[in-house]
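A.B. asks: Handing you this structure, nothing more for now.
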Amino acid sequence: MAVSLVVPDILVARAKAGDEEAFEALYRAFETPVYNLVRRILRTPEDAEDVLQDTFLEVMRSIRSYRGDGTLWGWIRQIAASKALMRIRREQLRSTDELVEEAAGNAAAPVGERIDLERALEQLSHTARAVVWLHDVEGYTHEEIAEMMGKTASFSKSQLARAHQRLRGLLDEGVPAS
Amino acid sequence: MMHCTMDDLLALRAGEASMWARQHLGDCGICRSALDAVYQRVAAMKALPVLAPARDRWPVVRTALRERRRAGRAWSVVGLAAAAALAGLVVFRSGGAGPLNTDELATLKQQSAALESELGYLAPNDRVMSGREAALGGLLEDQIAVIDGELGHVGLSGGPVPVVDRVDLWRERVDLMQQLYTVRVTRASSMGL
């Protein structure tokens with residue numbers, strides 16, 4: 001999702017000083033982009049709302065360390081993506097990613113049925129969906145994704161290929177499988 | 001005929017494909033269609049509607065913000081009290097007497113310099129830190145600044161600073177820096193640095 005939102009420096013300065021109105025203005029400005037990002041990565045709206053909340057609690061705690069080197073959105077997005085990936089790691093401790101993918105695929109994608117992109121994305125594993133969204137939509141590099149995930153760039157690349165392979169199958173795009 | 005794998009197609013998109021894949025793409029309509037489909041799929045993902053949260057989480061964040069402000073004020077009161085106590089201690093000490101120990105003074109200065117150097121590596125800079133750590137670190141830094149002020153003030157006011165006072169001030173400074181070091185090391189460990 002391309003976000004070109006620019007907030008005035010004075011608003012950031014006021015938020016750094018603990019001004020509640022300024023902080024609410026920042027929250028309102030970035031609430032939807034943050035939610036959209038984490039919702040596309042995570043499986044449920046409830047998880048995404050929790051991460052949205054955690055993200056802004058972290059922004060509140062750390063905004064004094066934001067020095068304006070990059071855009072505020074870039075800084076907040078990094079926090080949001082990290083929080084979402086952290087939640088995925090916690091999920092993976094409870095169940096294996098592969099099982100989640102298989103279970104979801106079997107339940108919601110009958111063979112031969114053409115499904116739309118939204119539903120196809122839901123059929124991907126946590127990790128594959130996070131990688132395809134962060135790389136192809138948000139524009140993160142494999143190296144950046146690997147760093148956030150605590151994995152290698154090769155892992156990110158293989159997850160991306162896996163995601164596209166599965167999306168191609170689910171979307172029945174009429175391209176012969178290679 | 002062998003076709004491009006998904007890895008090949010993504011490498012072609014990234015401009016990192018092998019010579020074989022690039023040559024094959026020129027000859028194979030099926031693989032060109034597959035690559036087009038990748039581009040179309042990504043364009044479709046980017047065009048998906050923006051999702052908005054169903055519930056407003058601002059009240060929770062606002063409550064946390066207010067609690068943090070209250071905690072910050074409490075830390076400020078504690079900090080001022082500590083600074084006042086320290087200043088009182090310095091004034092009280094200036095009239096006292098004790099063994100002069102220039103060796104200990106030199107040792108304390110060395111310890112202080114070593115800790116300062118270590119803290120330089122653990123400086124917060126732009127890394128994320130918790131509110132509690134920031135408050136505690138700020139308090140310790142304030143107390144160190146008070147000591148530095150005392151050392152500088154006494155020295156500038158004329159006459160050498162009594163060694164006994166300097167030893168106590170430097171000892172206090174080293175103690176505070178060790179506490180600050182502990183705070184920073186704990187944070188670095190928790191972040192896996």
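FYI, nothing fancy with the structure tokens labels: chains A, B, ... in order, residues from 1 per chain, ligands from 1 as they appear.
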Excluding range 36-45 of chain A and its own-chain neighbours fewer than 6 positions away, which residues fall within 7 Å of it when counting only C-alpha atoms? Please give them as a short mmCIF file (atom, residue, chain, number, x, y, z; two decimals) with C-alpha atoms, in the first residue's frame.

C.D. replies:
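Here's the written file result.cif:
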```
data_model
loop_
_atom_site.label_atom_id
_atom_site.label_comp_id
_atom_site.auth_asym_id
_atom_site.auth_seq_id
_atom_site.Cartn_x
_atom_site.Cartn_y
_atom_site.Cartn_z
CA ALA A 80 3.90 -2.47 12.82
CA ALA A 81 5.50 -5.06 10.53
CA ALA A 84 2.89 -8.53 13.18
CA GLU A 122 -6.18 -16.10 3.12
CA HIS A 126 1.24 -17.03 7.78
CA ARG A 129 1.42 -14.26 3.11
CA ALA A 130 3.60 -11.95 5.20
CA TRP A 133 2.71 -8.70 1.10
CA VAL B 50 -7.77 -0.61 2.03
CA LEU B 51 -9.02 -2.33 5.16
CA ALA B 52 -9.98 -0.27 8.20
#
```

A.B. asks: Counting only C-alpha atoms, which residues from chain A have an atom at most 9 Å from any atom of chain B, and could you show them as a ChimeraX atom specification?

C.D. replies: /A:1-2,18,20,23-24,27-28,31-33,35-37,39-40,45,48-50,52-54,56-58,60-67,117-118,132-133,136-138,157-158,160-162,164-165,167-168,173,175-178

A.B. asks: Quote the spacing between CA of His135 in chain A and CA of Met149 in chain A in Å to one decimal place.

C.D. replies: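 Pair CA of His135 in chain A / CA of Met149 in chain A returns 12.8 Å.
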
A.B. asks: What is the distance, in Å and to one decimal place, between CA of Gln159 in chain A and CA of Thr127 in chain A?

C.D. replies: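 Value for the CA of Gln159 in chain A-CA of Thr127 in chain A distance: 7.2 Å.
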